[in-house]
Structure formats: C-alpha cells, structure tokens
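Dropping work-v3.txt in here (compact mmCIF, C-alpha atoms):
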```txt
# COMPACT_ATOMS: atom_id res chain seq x y z
CA LEU I 1 -23.31 -9.46 -12.23
CA SER I 2 -21.95 -7.94 -15.43
CA GLY I 3 -25.47 -7.32 -16.80
CA LEU I 4 -26.74 -5.62 -13.62
CA GLU I 5 -28.40 -2.28 -14.45
CA THR I 6 -30.41 -1.25 -11.37
CA ILE I 7 -30.27 -2.02 -7.69
CA THR I 8 -32.16 -0.91 -4.57
CA LEU I 9 -30.09 -0.36 -1.42
CA ASN I 10 -32.69 0.87 1.04
CA SER I 11 -31.03 -0.37 4.21
CA VAL I 12 -27.40 -0.94 3.19
CA THR I 13 -24.81 1.30 4.89
CA ASP I 14 -21.56 -0.28 3.68
CA ILE I 15 -20.60 -1.54 0.22
CA GLY I 16 -17.66 -3.90 0.07
CA ALA I 17 -14.64 -3.95 -2.20
CA ARG I 18 -15.48 -4.46 -5.90
CA ALA I 19 -19.07 -5.30 -4.99
CA PHE I 20 -20.48 -3.91 -8.26
CA ALA I 21 -17.34 -3.52 -10.35
CA SER I 22 -17.73 -3.83 -14.12
CA THR I 23 -21.52 -3.92 -14.05
CA MET I 24 -23.98 -1.97 -16.22
CA LEU I 25 -25.37 0.14 -13.40
CA THR I 26 -26.55 3.56 -14.52
CA ARG I 27 -27.57 5.07 -11.19
CA VAL I 28 -26.69 4.61 -7.52
CA ALA I 29 -29.01 6.31 -5.04
CA SER I 30 -29.36 5.76 -1.32
CA SER I 31 -29.62 7.94 1.76
CA LYS I 32 -28.28 5.07 3.88
CA ILE I 33 -24.89 4.37 2.30
CA VAL I 34 -22.06 5.63 4.50
CA ASN I 35 -18.96 3.75 3.30
CA ILE I 36 -17.92 2.55 -0.15
CA GLY I 37 -15.10 0.02 -0.37
CA ASP I 38 -12.12 -0.12 -2.71
CA GLY I 39 -13.10 -0.56 -6.34
CA ALA I 40 -16.76 -1.01 -5.44
CA PHE I 41 -18.05 0.57 -8.66
CA SER I 42 -14.87 0.59 -10.73
CA ASP I 43 -15.28 0.27 -14.49
CA CYS I 44 -19.05 0.86 -14.40
CA SER I 45 -18.91 2.70 -17.69
CA LEU I 46 -22.65 3.47 -17.84
CA LEU I 47 -22.90 4.90 -14.34
CA SER I 48 -23.99 8.52 -14.70
CA THR I 49 -25.74 9.43 -11.45
CA LEU I 50 -24.56 9.32 -7.84
CA ASP I 51 -27.06 10.34 -5.18
CA MET I 52 -25.67 9.43 -1.76
CA PRO I 53 -26.14 12.43 0.54
CA ASN I 54 -24.86 10.64 3.65
CA LEU I 55 -21.77 9.05 2.12
CA MET I 56 -18.75 9.51 4.41
CA THR I 57 -15.85 7.52 2.95
CA VAL I 58 -14.97 6.65 -0.64
CA GLY I 59 -12.46 3.83 -1.01
CA ALA I 60 -9.48 3.61 -3.33
CA ALA I 61 -10.48 3.29 -7.01
CA ALA I 62 -14.13 3.17 -5.91
CA PHE I 63 -15.36 4.84 -9.12
CA GLU I 64 -12.29 4.38 -11.30
CA LYS I 65 -13.10 4.38 -15.03
CA CYS I 66 -16.74 5.37 -14.50
CA VAL I 67 -16.60 7.32 -17.74
CA GLY I 68 -20.30 8.24 -17.68
CA LEU I 69 -20.03 10.43 -14.59
CA THR I 70 -20.10 14.14 -15.43
CA SER I 71 -20.34 15.70 -11.98
CA VAL I 72 -19.86 14.61 -8.39
CA THR I 73 -21.15 16.35 -5.26
CA LEU I 74 -20.29 14.90 -1.87
CA PRO I 75 -22.05 17.04 0.75
CA ILE I 76 -20.71 15.40 3.92
CA ALA I 77 -18.08 12.87 2.81
CA SER I 78 -14.83 13.15 4.77
CA SER I 79 -12.39 10.95 2.86
CA ILE I 80 -11.65 10.14 -0.78
CA GLY I 81 -9.24 7.26 -1.37
CA ASP I 82 -6.36 6.91 -3.81
CA GLY I 83 -7.56 6.95 -7.41
CA ALA I 84 -11.20 7.08 -6.32
CA PHE I 85 -12.31 8.88 -9.51
CA ALA I 86 -9.26 8.16 -11.65
CA ASP I 87 -9.83 7.91 -15.40
CA CYS I 88 -13.41 9.19 -15.14
CA THR I 89 -13.00 10.78 -18.54
CA GLY I 90 -16.45 12.39 -18.62
CA LEU I 91 -16.14 14.06 -15.22
CA GLU I 92 -16.31 17.86 -15.51
CA ALA I 93 -17.04 19.22 -12.01
CA VAL I 94 -16.41 18.11 -8.43
CA THR I 95 -17.71 19.66 -5.21
CA LEU I 96 -16.17 18.41 -1.97
CA ALA I 97 -18.06 20.36 0.66
CA LYS I 98 -16.64 18.71 3.80
CA VAL I 99 -14.00 16.28 2.55
CA ARG I 100 -10.92 16.32 4.80
CA THR I 101 -8.60 13.92 2.97
CA VAL I 102 -8.02 13.49 -0.76
CA GLY I 103 -5.81 10.54 -1.69
CA ASP I 104 -3.10 10.14 -4.32
CA LYS I 105 -4.30 10.42 -7.93
CA ALA I 106 -7.89 10.83 -6.73
CA PHE I 107 -8.93 12.48 -10.02
CA ALA I 108 -5.99 11.54 -12.23
CA GLY I 109 -6.96 11.01 -15.83
CA ALA I 110 -10.30 12.84 -15.52
CA VAL I 111 -9.36 14.73 -18.66
CA LYS I 112 -12.46 16.97 -18.75
CA LEU I 113 -12.34 17.95 -15.09
CA ALA I 114 -12.07 21.74 -15.01
CA SER I 115 -13.97 22.79 -11.89
CA VAL I 116 -13.04 21.71 -8.38
CA SER I 117 -14.33 23.06 -5.08
CA LEU I 118 -12.17 21.82 -2.21
CA GLY I 119 -14.37 23.05 0.65
CA LYS I 120 -12.72 22.10 3.96
CA VAL I 121 -9.92 19.84 2.69
CA GLU I 122 -7.11 19.30 5.19
CA SER I 123 -4.82 16.93 3.26
CA LEU I 124 -4.00 16.56 -0.45
CA GLY I 125 -2.18 13.51 -1.78
CA ALA I 126 0.23 13.24 -4.72
CA ARG I 127 -0.79 13.81 -8.36
CA VAL I 128 -4.39 14.54 -7.39
CA PHE I 129 -5.17 16.39 -10.64
CA GLU I 130 -2.80 14.62 -13.02
CA ASN I 131 -3.99 14.81 -16.64
CA THR I 132 -7.06 16.92 -15.88
CA ALA I 133 -8.29 20.21 -17.39
CA VAL I 134 -7.96 22.13 -14.11
CA THR I 135 -6.41 25.57 -14.75
CA SER I 136 -6.67 27.07 -11.28
CA VAL I 137 -7.05 25.81 -7.72
CA GLU I 138 -8.06 27.66 -4.56
CA LEU I 139 -6.85 26.02 -1.38
CA PRO I 140 -8.92 26.52 1.80
CA ASP I 141 -7.82 27.81 5.18
CA THR I 142 -8.22 24.28 6.60
CA LEU I 143 -5.48 22.77 4.42
CA ASP I 144 -2.59 21.49 6.55
CA ILE I 145 -0.86 18.78 4.50
CA VAL I 146 0.21 18.85 0.86
CA ALA I 147 2.11 15.83 -0.48
CA ASP I 148 5.21 16.23 -2.63
CA GLY I 149 4.03 16.30 -6.22
CA ALA I 150 0.44 17.13 -5.26
CA PHE I 151 0.02 19.02 -8.55
CA TYR I 152 2.48 17.02 -10.60
CA GLY I 153 0.99 16.08 -13.95
CA ALA I 154 -1.63 18.86 -13.79
CA ASN I 155 -0.35 20.09 -17.13
CA LYS I 156 -3.02 22.78 -17.65
CA LEU I 157 -2.69 24.33 -14.19
CA GLU I 158 -1.81 28.02 -14.44
CA SER I 159 -2.22 29.31 -10.89
CA ILE I 160 -2.72 28.30 -7.28
CA ALA I 161 -4.43 30.48 -4.67
CA VAL I 162 -4.58 30.04 -0.89
CA ASP I 163 -7.16 31.40 1.52
CA LYS I 164 -5.65 34.34 3.40
CA ASN I 165 -6.49 32.73 6.75
CA ASN I 166 -4.40 29.63 6.11
CA LYS I 167 -1.48 29.50 8.56
CA SER I 168 0.53 26.78 6.81
CA PHE I 169 0.61 27.85 3.15
CA VAL I 170 0.77 30.96 1.02
CA ALA I 171 0.58 31.58 -2.70
CA GLU I 172 2.70 34.23 -4.34
CA ASP I 173 2.03 35.06 -7.98
CA GLY I 174 0.22 31.76 -8.37
CA VAL I 175 3.04 29.68 -6.84
CA LEU I 176 2.45 27.56 -3.73
CA TYR I 177 4.71 27.74 -0.66
CA SER I 178 4.61 26.33 2.83
CA VAL I 179 5.73 28.64 5.62
CA ASN I 180 7.13 27.76 9.04
CA ASP I 181 7.02 29.57 12.39
CA GLU I 182 10.20 31.47 11.55
CA ASP I 183 8.79 32.72 8.24
CA PHE I 184 11.03 30.58 6.07
CA TYR I 185 9.48 29.09 2.95
CA ILE I 186 9.51 25.84 1.00
CA MET I 187 8.42 26.21 -2.60
CA LEU I 188 5.96 23.36 -3.12
CA SER I 189 4.46 23.86 -6.55
CA TYR I 190 5.09 26.09 -9.54
CA PRO I 191 2.19 25.46 -11.96
CA ALA I 192 3.03 23.48 -15.08
CA ALA I 193 1.19 25.88 -17.41
CA LYS I 194 2.35 29.14 -15.83
CA SER I 195 3.56 31.19 -18.77
CA ASP I 196 6.29 33.37 -17.20
CA LYS I 197 9.78 33.12 -18.64
CA GLU I 198 11.53 34.37 -15.49
CA TYR I 199 10.92 33.64 -11.83
CA SER I 200 12.56 34.52 -8.50
CA VAL I 201 11.58 32.45 -5.48
CA LEU I 202 10.57 34.27 -2.31
CA ASP I 203 13.54 35.75 -0.45
CA ARG I 204 13.42 33.42 2.56
CA THR I 205 12.95 30.21 0.58
CA ILE I 206 15.11 27.38 1.95
CA LYS I 207 13.99 24.48 -0.25
CA LEU I 208 12.52 23.57 -3.62
CA SER I 209 10.21 20.64 -3.01
CA ALA I 210 10.36 17.39 -4.96
CA TYR I 211 8.68 17.81 -8.37
CA GLY I 212 8.30 21.49 -7.49
CA PHE I 213 8.33 22.92 -11.01
CA ASN I 214 5.99 20.28 -12.45
CA GLU I 215 7.93 20.04 -15.74
CA ASN I 216 7.05 23.61 -16.67
CA LYS I 217 7.97 24.14 -20.33
CA ASN I 218 7.98 27.97 -20.34
CA LEU I 219 10.43 29.06 -17.66
CA GLU I 220 13.85 30.08 -18.99
CA ARG I 221 15.47 31.89 -16.06
CA LEU I 222 15.31 31.11 -12.37
CA VAL I 223 16.68 32.99 -9.34
CA LEU I 224 17.13 31.15 -6.02
CA SER I 225 17.39 32.97 -2.72
CA VAL I 226 20.41 33.42 -0.48
CA TYR I 227 18.77 31.07 2.03
CA MET I 228 18.39 28.17 -0.40
CA GLN I 229 19.61 24.92 1.18
CA ILE I 230 17.95 21.98 -0.63
CA ILE I 231 16.78 21.29 -4.16
CA GLY I 232 14.43 18.32 -4.05
CA VAL I 233 14.13 15.18 -6.12
CA ASP I 234 13.05 15.94 -9.69
CA ALA I 235 12.45 19.57 -8.71
CA MET I 236 13.45 20.75 -12.18
CA SER I 237 12.91 17.65 -14.26
CA GLY I 238 11.43 18.18 -17.70
CA MET I 239 12.06 21.94 -17.77
CA SER I 240 13.15 21.89 -21.39
CA LYS I 241 13.54 25.69 -21.75
CA LEU I 242 15.40 26.37 -18.50
CA ARG I 243 18.76 27.86 -19.43
CA ASP I 244 19.83 30.15 -16.61
CA ILE I 245 19.85 29.59 -12.84
CA THR I 246 21.18 32.19 -10.43
CA ILE I 247 21.90 30.99 -6.90
CA TYR I 248 22.68 33.63 -4.29
CA ALA I 249 23.31 31.18 -1.45
CA VAL I 250 26.82 31.35 0.04
CA ALA I 251 27.02 27.55 0.22
CA ALA I 252 25.83 25.42 -2.69
CA PRO I 253 22.42 23.84 -1.99
CA THR I 254 22.18 20.10 -1.48
CA LEU I 255 20.88 18.45 -4.64
CA GLU I 256 18.65 15.49 -3.94
CA SER I 257 18.69 12.81 -6.64
CA TYR I 258 17.51 13.69 -10.17
CA SER I 259 16.82 17.37 -9.48
CA PHE I 260 17.85 18.25 -13.02
CA GLU I 261 16.54 15.20 -14.86
CA GLN I 262 15.79 16.08 -18.52
CA VAL I 263 17.46 19.49 -18.19
CA GLU I 264 20.35 19.64 -20.67
CA VAL I 265 23.63 18.56 -19.02
CA ASP I 266 27.27 18.48 -20.08
CA ASP I 267 29.57 15.42 -20.13
CA LYS I 268 30.15 15.81 -16.37
CA GLY I 269 26.45 15.74 -15.61
CA ASP I 270 26.27 19.44 -14.74
CA PRO I 271 23.36 21.54 -16.07
CA VAL I 272 24.18 23.55 -19.17
CA LEU I 273 23.42 27.15 -18.25
CA ASP I 274 23.77 29.83 -20.93
```
Show me the file's structure as structure tokens.
Amino acid sequence: LSGLETITLNSVTDIGARAFASTMLTRVASSKIVNIGDGAFSDCSLLSTLDMPNLMTVGAAAFEKCVGLTSVTLPIASSIGDGAFADCTGLEAVTLAKVRTVGDKAFAGAVKLASVSLGKVESLGARVFENTAVTSVELPDTLDIVADGAFYGANKLESIAVDKNNKSFVAEDGVLYSVNDEDFYIMLSYPAAKSDKEYSVLDRTIKLSAYGFNENKNLERLVLSVYMQIIGVDAMSGMSKLRDITIYAVAAPTLESYSFEQVEVDDKGDPVLD
C-alpha cells in the first residue's frame, strides 16, 4: 500500500492499527469514521488534510510523523492517545473542542506547534508539549488530572493559566499548582522559559512535583515554604543557574531520588549553594 494516494471510506466507522501507515495519502475525509487505531496513519508524510467531524477516539501514534499536517481540529473527539501527533513537524495549530483525555507525548516533537485550544480537557498526560513552540497554555475548568511532567520538555513555555472556575488547580504568576480541600498546594509546573531569576513558592506549598521546574535555565534563587515536606524526583534537574535555596520548613523535606540532578554538587553529593 505504500503508493496509495486516495481512498474513499463512505461507510467505514473504525480504522485498525497501522491500516494506512507509511502510505502516500494526502487527504482523509469521512463523516462516518469514529475510531482510529494505533499507528493507523503514522508516517504518512504527504497527509495534509483531516476532515473527520465525527471522530471520537484517536489511537496511540495514529498520526505520528505526518509532517504535512499544519492544523488539526477535532470537534467532538473525546480521546487522543499517546504520541498521536508526535513528530508532526509541520503542525502549527490544534483545536480540541471536546477532548477529555490527552495521552503522554501527544504532540511531542511538533516543533512548529504554537497554538493549542484545550476546550474541555479533563486529563493531561506526561510531556504532552515536549519540543513544541507553545509559549502559553490556558487550562480549562474541566481539568482534573495532570500527570507528573505534563509540561516537561516544553522548552519555550513561559506561562500557564487556569480557568478561575477550576476547583483542582490554580496558577500563580504563570506557575501551576494543585490545591486540596485544606488549601494546601503542590507545585506541579514552573515553565521552562519563565525568565524570573527569583521565585518563592506559595506559602502553603507542601510538595514540589516530579520534574516540577522543567529544567528552567533562568532561575537563580528559590524560596520554599515552611510547610514544604517533599521535593519530587528530578524536581530541580537541569537548573544550571540555581545557586541559592532557602527552606523555611522546621524539618528538612524528604528528597525523592534525583531531585537535584545536574545541579552543581559537592564531593558529598550536596547541592552547592552560594
């Protein structure tokens, strides 16, 4: 099927795994297609048009390496699988009107992707926007689950905003936190491209999430709250300019493995803090 360029799918509702992978298709249009299997159109480098208004589920790697795609609009789709649009290097804009679940690395490697509308998303996987051009993200009031490292690798991300009606998350000065019923916070994501040199976490922050600082290269000084209890895995990895950490907690926070990976350490493995 490698030379396949066009196909008519008038009555097909489901497309199986890798059904049209590595073909020369340029356009896929059908009002009947509801489900697309894993890798179904992966590596279709000439595919430039998707017109599937009734599509509901997009499988893992379904459109991986479809470098000809420039925009994707999914009006009623509810689920996008892991790596579904990974390495779509021509993709510039994505509109997910009713998508509920976005899988790990869904858009990773879409280096031109700068515009994302998350609509009614409820769950975001890990590294969703890794190696994209996304500079800001607005999270909807429906969002309930954010994976550790959801924004890890989003090296151009400068700020995160959260709808004011969201009960699970808040954003303060562009930094994402989860909040519990007792108004304690977990810092989930400090944007990689945020330019501040100093930062103090919110007063009632009890944990820095795994990969929380996303290898930010600008931050030099960090203040942790008196309530701080846990510093997650790789929370501060790659922070090459971080030189000063002030911890007001009475008891030292628990350090999960590799929290300070790539931060300068002395011969005992402790961070070097000027």
Next on the checklist: I want to know what sits within 9 Å of I:Glu92, based on all atoms listed in the file, with residues of the same chain fewer than 6 positions away left out; could you give that as a PyMOL selection string?
Outcome noted: chain I and resi 69-72+110-116+133
Checklist entry - I:Ser209, I:Thr49, I:Asn165, I:Ser117: which is nearest I:Tyr152, counting only C-alpha atoms? => result I:Ser209
Sorted by chain and rising residue number, which residues of stretch 115-162 of chain I lie within 12 Å of stretch 169-177 of chain I, and what are their closest atom pairs and distances in Å to one decimal, counting only C-alpha atoms, as JSON lines?
```
{"residue": "I:Glu122", "atom": "CA", "partner": "I:Phe169", "partner_atom": "CA", "distance": 11.7}
{"residue": "I:Thr135", "atom": "CA", "partner": "I:Gly174", "partner_atom": "CA", "distance": 11.1}
{"residue": "I:Ser136", "atom": "CA", "partner": "I:Gly174", "partner_atom": "CA", "distance": 8.8}
{"residue": "I:Val137", "atom": "CA", "partner": "I:Gly174", "partner_atom": "CA", "distance": 9.4}
{"residue": "I:Glu138", "atom": "CA", "partner": "I:Ala171", "partner_atom": "CA", "distance": 9.7}
{"residue": "I:Leu139", "atom": "CA", "partner": "I:Phe169", "partner_atom": "CA", "distance": 8.9}
{"residue": "I:Pro140", "atom": "CA", "partner": "I:Phe169", "partner_atom": "CA", "distance": 9.7}
{"residue": "I:Asp141", "atom": "CA", "partner": "I:Phe169", "partner_atom": "CA", "distance": 8.7}
{"residue": "I:Thr142", "atom": "CA", "partner": "I:Phe169", "partner_atom": "CA", "distance": 10.1}
{"residue": "I:Leu143", "atom": "CA", "partner": "I:Phe169", "partner_atom": "CA", "distance": 8.0}
{"residue": "I:Asp144", "atom": "CA", "partner": "I:Phe169", "partner_atom": "CA", "distance": 7.9}
{"residue": "I:Ile145", "atom": "CA", "partner": "I:Phe169", "partner_atom": "CA", "distance": 9.3}
{"residue": "I:Val146", "atom": "CA", "partner": "I:Phe169", "partner_atom": "CA", "distance": 9.3}
{"residue": "I:Asp148", "atom": "CA", "partner": "I:Tyr177", "partner_atom": "CA", "distance": 11.7}
{"residue": "I:Gly149", "atom": "CA", "partner": "I:Leu176", "partner_atom": "CA", "distance": 11.6}
{"residue": "I:Ala150", "atom": "CA", "partner": "I:Leu176", "partner_atom": "CA", "distance": 10.7}
{"residue": "I:Phe151", "atom": "CA", "partner": "I:Leu176", "partner_atom": "CA", "distance": 10.1}
{"residue": "I:Leu157", "atom": "CA", "partner": "I:Gly174", "partner_atom": "CA", "distance": 9.9}
{"residue": "I:Glu158", "atom": "CA", "partner": "I:Gly174", "partner_atom": "CA", "distance": 7.4}
{"residue": "I:Ser159", "atom": "CA", "partner": "I:Gly174", "partner_atom": "CA", "distance": 4.3}
{"residue": "I:Ile160", "atom": "CA", "partner": "I:Gly174", "partner_atom": "CA", "distance": 4.7}
{"residue": "I:Ala161", "atom": "CA", "partner": "I:Ala171", "partner_atom": "CA", "distance": 5.5}
{"residue": "I:Val162", "atom": "CA", "partner": "I:Ala171", "partner_atom": "CA", "distance": 5.7}
```
Name the residues in contact with I:Ala249 at a cut-off of 9 Å, using all atoms listed in the file, excluding same-chain residues fewer than 4 positions from it; report them as an mmCIF file with C-alpha atoms, in the frame of the given file.
```cif
data_model
loop_
_atom_site.group_PDB
_atom_site.id
_atom_site.type_symbol
_atom_site.label_atom_id
_atom_site.label_comp_id
_atom_site.auth_asym_id
_atom_site.auth_seq_id
_atom_site.Cartn_x
_atom_site.Cartn_y
_atom_site.Cartn_z
ATOM 1 C CA LEU I 224 17.130 31.150 -6.020
ATOM 2 C CA SER I 225 17.390 32.970 -2.720
ATOM 3 C CA VAL I 226 20.410 33.420 -0.480
ATOM 4 C CA TYR I 227 18.770 31.070 2.030
ATOM 5 C CA MET I 228 18.390 28.170 -0.400
ATOM 6 C CA GLN I 229 19.610 24.920 1.180
ATOM 7 C CA PRO I 253 22.420 23.840 -1.990
#
```
Next on the checklist: Let me make sure I understand: among I:Thr73, I:Thr132, I:Ser195, I:Ser30, which one has the smallest atom-to-atom distance to I:Ala86 if we use all atoms listed in the file?
Outcome noted: I:Thr132
Checklist entry - Got a sec: who's within 6 Å of I:Met24, counting all atoms listed in the file, leaving out chain neighbours fewer than 2 positions off, as a list in words? => result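 Contacts, with the query itself left out: Gly3, Leu4, Glu5, Cys44 and Leu46 of chain I.
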Checklist entry - For I:Thr254, which of I:Ser237, I:Leu208, I:Ser48, I:Val134 is the closest residue, counting only C-alpha atoms? => result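 Nearest to I:Thr254: I:Leu208.
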Item to check | Residue list as a list in words for point (-9.6, 11.4, -4.4), cut-off 6 Å, all atoms listed in the file | outcome: Ile80, Gly81, Asp82, Gly83, Ala84, Val102, Gly103, Ala106 and Phe107 of chain I
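Picture a line from atom CA of I:Ala192 to atom CA of I:Lys156; it runs 6.6 Å.
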